[in-house]
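Working notes for the structure below.
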Amino acid sequence: MDTIAGLFSFITTPVSWVIVQFHSVYGAIFGADSGWAWGLSIVSLVILIRICLIPLFVKQIKATRGMQALQPKMKAIQERYKNDKQRQSEEMMKLYKETGTNPLSSCLPILAQSPFFFALYHVLSAIANGETIGVINQSLLESARQAHIFGAPLAAKFTDSAEKAASLNASITDVRIVTAVMIVLMSLSQFYTQRQLMQKNVDLSVKTPFMQQQKMLMYIFPVIFAVMGINFPVGVLVYWLTTNVWTMGQQMYVINQNPTPGSKAQDQYLTRLLKHVSSHGDVKGRGKKKIVAAIVAKGPDRNDNERKFITALTKQGMAAQADGSVIKSSEATADADAASGGAPKRQQPKRQSKSQRQTPPSKPSKK
């Protein structure tokens with residue numbers, strides 16, 4: 001792990017500088033040697049990094065939805081060329097190129113965050129070994145080594161010996177209790193985030209191998225976190241737990257505000273939107289109008305949730321418009337008449353019976 005972290009040593013100085021700047025602020029409040037000052041500095045580092053990664057997160061959402069939409073086509077290619085792996089790969093790449101989809105885009109936030117994670121691990125490992133690193137000089141090093149979170153030093157690990165814990169002015173019991181609790185919370189938050197995604201934000205109308213892979217990852221990732229967590233210093237556990245909680249909250253917001261089409265979350269969202277339209281008589285908010293406009297633009301390609309939404313609007317005497325607004329059906333009819341120039345409709349001649357058609361018209365009488 002130290003070898004891997006060493007590969008990211010180029011970023012340890014910026015990471016240590018950011019931590020020191022936050023520590024100078026929190027140290028003035030809680031005390032320079034306080035665990036709260038150092039712990040909150042790490043939490044603030046996470047928040048700063050995740051804010052910077054929001055554009056990548058948006059790109060990740062688009063890439064993930066793009067991959068979900070392509071699953072039926074990908075499955076058809078796999079079945080068609082199951083005996084020709086080279087042609088299968090060529091067709092897959094062609095499909096990605098035509099749709100502008102990049103499978104690696106869904107991994108961008110994790111890849112972008114990994115240098116900071118390994119740099120922080122390198123910084124905390126140096127503190128645990130009593131070594132200065134980056135902008136952390138000897139005085140800051142001693143302060144960080146004195147910092148405890150619930151009795152566990154920031155640089156302590158679950159696998160540390162009693163002698164190592166004692167050198168950091170802590171008991172091995174406190175270290176293992178605190179690290180065990182944090183590892184469990186870290187794994188549970190990862191599991192809940194993945195479970196929330198699978199249960200609410202997946203298109204249930206399409207059954208693909210992608211869904212099975214996601215289900216497997218839902219159980220595998222927490223186990224990986226738990227196994228790796230016993231080798232993480234407390235400071236890294238604080239970092240990873242914070243980023244998991246951030247991801248969970250960020251995902252909850254996206255699921256509630258911009259759910260995947262065809263998912264259970266979309267059905268719940270459109271139900272709430274229908275109540276909103278019923279009470280206000282129109283769609284309020286740019287985000288809501290954007291979603292309604294997208295549903296209108298789909299036309300006959302709407303999924304079951306979207307068709308149900310449009311049908312419910314019609315039953316209430318309303319019609320969704322291309323710009324995302326909603327108007328009364330009578331207004332929509334009037335607008336259509338106005339668009340046609342207001343010309344009166346041509347009346348069809350009244351249909352005559354067979355006897356009327358056979359009877360010749362009477363001649364006018366002569367005076």
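Letters for chains follow the order of the structure tokens (A, B, ...), residue numbers begin at 1 for each chain, and ligand numbers begin at 1 in the order shown.
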**Item:** All residues 8 Å or closer to Tyr269 (chain A), only C-alpha atoms, same chain fewer than 5 positions away omitted, as number ranges by chain
**Value:** A: 256-257, 259
Go ahead and save the residues from that selection, with N, CA and C atoms, as an mmCIF file, in the first residue's frame.
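Writing done, so here's result-v4.cif:
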data_model
loop_
_atom_site.group_PDB
_atom_site.id
_atom_site.type_symbol
_atom_site.label_atom_id
_atom_site.label_comp_id
_atom_site.auth_asym_id
_atom_site.auth_seq_id
_atom_site.Cartn_x
_atom_site.Cartn_y
_atom_site.Cartn_z
ATOM 1 N N ASN A 256 -34.086 11.885 -6.090
ATOM 2 C CA ASN A 256 -35.337 12.606 -5.818
ATOM 3 C C ASN A 256 -35.641 13.682 -6.849
ATOM 4 N N GLN A 257 -34.584 14.286 -7.409
ATOM 5 C CA GLN A 257 -34.793 15.421 -8.298
ATOM 6 C C GLN A 257 -34.665 15.086 -9.780
ATOM 7 N N PRO A 259 -34.532 11.456 -11.414
ATOM 8 C CA PRO A 259 -34.410 10.000 -11.402
ATOM 9 C C PRO A 259 -34.211 9.403 -12.789
#
**Request:** Would you return as a PyMOL selection string the members of region 10-232 of chain A that DSSP assigns to strand (DSSP E) on this structure's backbone?
**Result:** chain A and resi 148-149+152-153
**Who sits within 12 Å of Arg50 (chain A), only C-alpha atoms, same chain under 2 positions skipped, as a PyMOL selection string** = chain A and resi 43-48+52-58+109-110+112-114+116-117+239-240+242-247+249-250
**Request:** Pick out the residues sitting within 6 Å of region 191-200 of chain A, and hand them over as an MDAnalysis selection string; count only C-alpha atoms, and ignore anything fewer than 3 positions along from it in its own chain.
**Result:** chainID A and resid 188 218 222 248 264:265
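Nearest to Thr260 (chain A) of all the residues A:Gln316, A:Asn231, A:Asn305, A:Asn201 is A:Asn201, counting only C-alpha atoms.
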**Request:** Grab the CA of Ser41 (chain A) to CA of Val238 (chain A) distance for me, in Å with one decimal place.
**Result:**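 Computed distance, CA of Ser41 (chain A) to CA of Val238 (chain A), equals 10.3 Å.
Among A:Ser278, A:Thr99, A:Ser161, A:Ser325, the residue with the shortest atom-to-atom distance to Leu313 (chain A), counting only C-alpha atoms, is A:Ser278.
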**Message:** For the alpha helix (DSSP H) assignment from backbone DSSP, which residues of region 102-335 of chain A qualify? Please present them as a VMD selection string.
**Reply:** chain A and resid 108 to 128 138 to 146 162 to 167 172 to 200 209 to 229 234 to 257 264 to 280 286 to 298 304 to 315 329 to 335
**Item:** 12 Å contact set for Tyr26 (chain A), only C-alpha atoms, chain neighbours under 6 positions out, as a list in words
**Value:**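 Skipping anything fewer than 6 positions along the chain leaves Ile19, Val20, Ala32, Asp33, Ser34, Gly35, Trp36, Ala37, Trp38, Gly39, Leu40, Ser41, Ile42, Val43 and Ser44 of chain A.
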Dump all heavy atoms for the selected residues as a compact mmCIF listing (two decimals), in the first residue's frame?
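The file below, out_9.txt, is the result:
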# COMPACT_ATOMS: atom_id res chain seq x y z
N ILE A 19 -4.78 20.75 4.44
CA ILE A 19 -5.09 20.30 5.80
C ILE A 19 -4.58 21.29 6.82
O ILE A 19 -5.28 21.63 7.80
CB ILE A 19 -4.48 18.90 6.06
CG1 ILE A 19 -5.20 17.84 5.22
CG2 ILE A 19 -4.60 18.53 7.54
CD1 ILE A 19 -4.61 16.46 5.35
N VAL A 20 -3.37 21.79 6.62
CA VAL A 20 -2.78 22.76 7.57
C VAL A 20 -3.58 24.05 7.59
O VAL A 20 -3.78 24.65 8.66
CB VAL A 20 -1.30 23.03 7.19
CG1 VAL A 20 -0.77 24.23 7.97
CG2 VAL A 20 -0.45 21.80 7.48
N ALA A 32 -5.11 23.70 19.12
CA ALA A 32 -4.25 23.18 18.05
C ALA A 32 -4.07 21.67 18.12
O ALA A 32 -3.96 21.00 17.09
CB ALA A 32 -2.90 23.88 18.09
N ASP A 33 -4.01 21.11 19.35
CA ASP A 33 -3.76 19.67 19.49
C ASP A 33 -5.04 18.85 19.59
O ASP A 33 -4.97 17.64 19.83
CB ASP A 33 -2.90 19.42 20.74
CG ASP A 33 -1.55 20.11 20.66
OD1 ASP A 33 -1.09 20.37 19.53
OD2 ASP A 33 -0.95 20.39 21.73
N SER A 34 -6.18 19.49 19.39
CA SER A 34 -7.46 18.79 19.54
C SER A 34 -7.72 17.85 18.36
O SER A 34 -7.41 18.17 17.20
CB SER A 34 -8.59 19.82 19.64
OG SER A 34 -9.85 19.19 19.52
N GLY A 35 -8.31 16.71 18.66
CA GLY A 35 -8.71 15.79 17.61
C GLY A 35 -9.79 16.38 16.71
O GLY A 35 -9.87 16.06 15.53
N TRP A 36 -10.63 17.26 17.31
CA TRP A 36 -11.67 17.92 16.51
C TRP A 36 -11.05 18.82 15.45
O TRP A 36 -11.54 18.90 14.33
CB TRP A 36 -12.58 18.74 17.42
CG TRP A 36 -13.51 17.90 18.22
CD1 TRP A 36 -13.42 17.61 19.55
CD2 TRP A 36 -14.67 17.22 17.75
NE1 TRP A 36 -14.45 16.80 19.94
CE2 TRP A 36 -15.24 16.53 18.85
CE3 TRP A 36 -15.29 17.11 16.51
CZ2 TRP A 36 -16.38 15.76 18.75
CZ3 TRP A 36 -16.43 16.34 16.39
CH2 TRP A 36 -16.97 15.67 17.50
N ALA A 37 -9.96 19.53 15.81
CA ALA A 37 -9.31 20.43 14.86
C ALA A 37 -8.73 19.65 13.68
O ALA A 37 -8.96 20.01 12.52
CB ALA A 37 -8.22 21.22 15.56
N TRP A 38 -8.04 18.55 13.97
CA TRP A 38 -7.45 17.75 12.89
C TRP A 38 -8.52 16.95 12.15
O TRP A 38 -8.49 16.81 10.93
CB TRP A 38 -6.37 16.82 13.44
CG TRP A 38 -5.10 17.55 13.77
CD1 TRP A 38 -4.68 17.94 15.02
CD2 TRP A 38 -4.10 17.99 12.86
NE1 TRP A 38 -3.48 18.60 14.93
CE2 TRP A 38 -3.09 18.63 13.62
CE3 TRP A 38 -3.94 17.89 11.48
CZ2 TRP A 38 -1.95 19.18 13.03
CZ3 TRP A 38 -2.80 18.44 10.89
CH2 TRP A 38 -1.82 19.08 11.66
N GLY A 39 -9.49 16.40 12.89
CA GLY A 39 -10.55 15.61 12.25
C GLY A 39 -11.40 16.45 11.32
O GLY A 39 -11.70 16.04 10.18
N LEU A 40 -11.80 17.64 11.79
CA LEU A 40 -12.60 18.53 10.94
C LEU A 40 -11.80 19.04 9.74
O LEU A 40 -12.38 19.35 8.70
CB LEU A 40 -13.13 19.70 11.77
CG LEU A 40 -14.25 19.35 12.76
CD1 LEU A 40 -14.59 20.56 13.62
CD2 LEU A 40 -15.49 18.86 12.02
N SER A 41 -10.49 19.12 9.88
CA SER A 41 -9.65 19.52 8.75
C SER A 41 -9.72 18.48 7.64
O SER A 41 -9.80 18.81 6.45
CB SER A 41 -8.20 19.69 9.22
OG SER A 41 -8.09 20.71 10.19
N ILE A 42 -9.72 17.20 8.05
CA ILE A 42 -9.84 16.11 7.06
C ILE A 42 -11.23 16.12 6.42
O ILE A 42 -11.37 15.96 5.21
CB ILE A 42 -9.55 14.76 7.72
CG1 ILE A 42 -8.10 14.72 8.21
CG2 ILE A 42 -9.82 13.61 6.76
CD1 ILE A 42 -7.76 13.50 9.04
N VAL A 43 -12.27 16.31 7.25
CA VAL A 43 -13.64 16.38 6.74
C VAL A 43 -13.78 17.54 5.74
O VAL A 43 -14.39 17.39 4.67
CB VAL A 43 -14.65 16.54 7.89
CG1 VAL A 43 -16.05 16.84 7.35
CG2 VAL A 43 -14.68 15.29 8.76
N SER A 44 -13.20 18.67 6.07
CA SER A 44 -13.27 19.84 5.18
C SER A 44 -12.52 19.57 3.87
O SER A 44 -12.94 20.05 2.81
CB SER A 44 -12.68 21.07 5.88
OG SER A 44 -13.41 21.39 7.05
**Request:** Might you pull out every residue within 12 Å of Thr314 (chain A), with only C-alpha atoms counted and same-chain residues fewer than 4 positions away left off, and present them as number ranges by chain?
**Result:** A: 274, 278, 307-310, 318-320, 326-330, 332
Would you save the residues of that selection, restricted to N, CA and C atoms, as a tab-separated table (two decimals), in the first residue's frame?
chain	number	residue	atom	x	y	z
A	274	LEU	N	-47.22	15.45	-10.29
A	274	LEU	CA	-48.64	15.54	-10.63
A	274	LEU	C	-49.41	16.27	-9.54
A	278	SER	N	-51.37	19.79	-9.93
A	278	SER	CA	-52.79	19.86	-9.55
A	278	SER	C	-53.05	21.02	-8.60
A	307	ARG	N	-46.09	7.65	-19.55
A	307	ARG	CA	-47.43	7.56	-20.14
A	307	ARG	C	-48.51	7.74	-19.07
A	308	LYS	N	-48.28	7.14	-17.90
A	308	LYS	CA	-49.23	7.28	-16.80
A	308	LYS	C	-49.34	8.75	-16.37
A	309	PHE	N	-48.23	9.46	-16.38
A	309	PHE	CA	-48.22	10.88	-16.00
A	309	PHE	C	-49.02	11.71	-17.00
A	310	ILE	N	-48.77	11.48	-18.29
A	310	ILE	CA	-49.49	12.23	-19.33
A	310	ILE	C	-50.98	11.93	-19.29
A	318	MET	N	-55.76	18.76	-18.39
A	318	MET	CA	-54.54	19.51	-18.63
A	318	MET	C	-53.73	18.86	-19.75
A	319	ALA	N	-52.83	19.65	-20.34
A	319	ALA	CA	-51.98	19.15	-21.42
A	319	ALA	C	-50.57	19.69	-21.24
A	320	ALA	N	-49.56	18.80	-21.30
A	320	ALA	CA	-48.16	19.21	-21.19
A	320	ALA	C	-47.69	19.78	-22.52
A	326	VAL	N	-47.60	23.44	-18.41
A	326	VAL	CA	-48.84	22.68	-18.45
A	326	VAL	C	-49.99	23.67	-18.52
A	327	ILE	N	-50.91	23.46	-19.47
A	327	ILE	CA	-52.06	24.36	-19.61
A	327	ILE	C	-53.33	23.53	-19.63
A	328	LYS	N	-54.46	24.23	-19.49
A	328	LYS	CA	-55.76	23.56	-19.57
A	328	LYS	C	-55.98	23.04	-20.99
A	329	SER	N	-56.65	21.91	-21.09
A	329	SER	CA	-56.88	21.30	-22.41
A	329	SER	C	-57.65	22.24	-23.33
A	330	SER	N	-58.61	23.03	-22.80
A	330	SER	CA	-59.37	23.98	-23.61
A	330	SER	C	-58.45	25.04	-24.19
A	332	ALA	N	-55.29	24.55	-24.87
A	332	ALA	CA	-54.50	23.90	-25.92
A	332	ALA	C	-55.29	23.84	-27.23
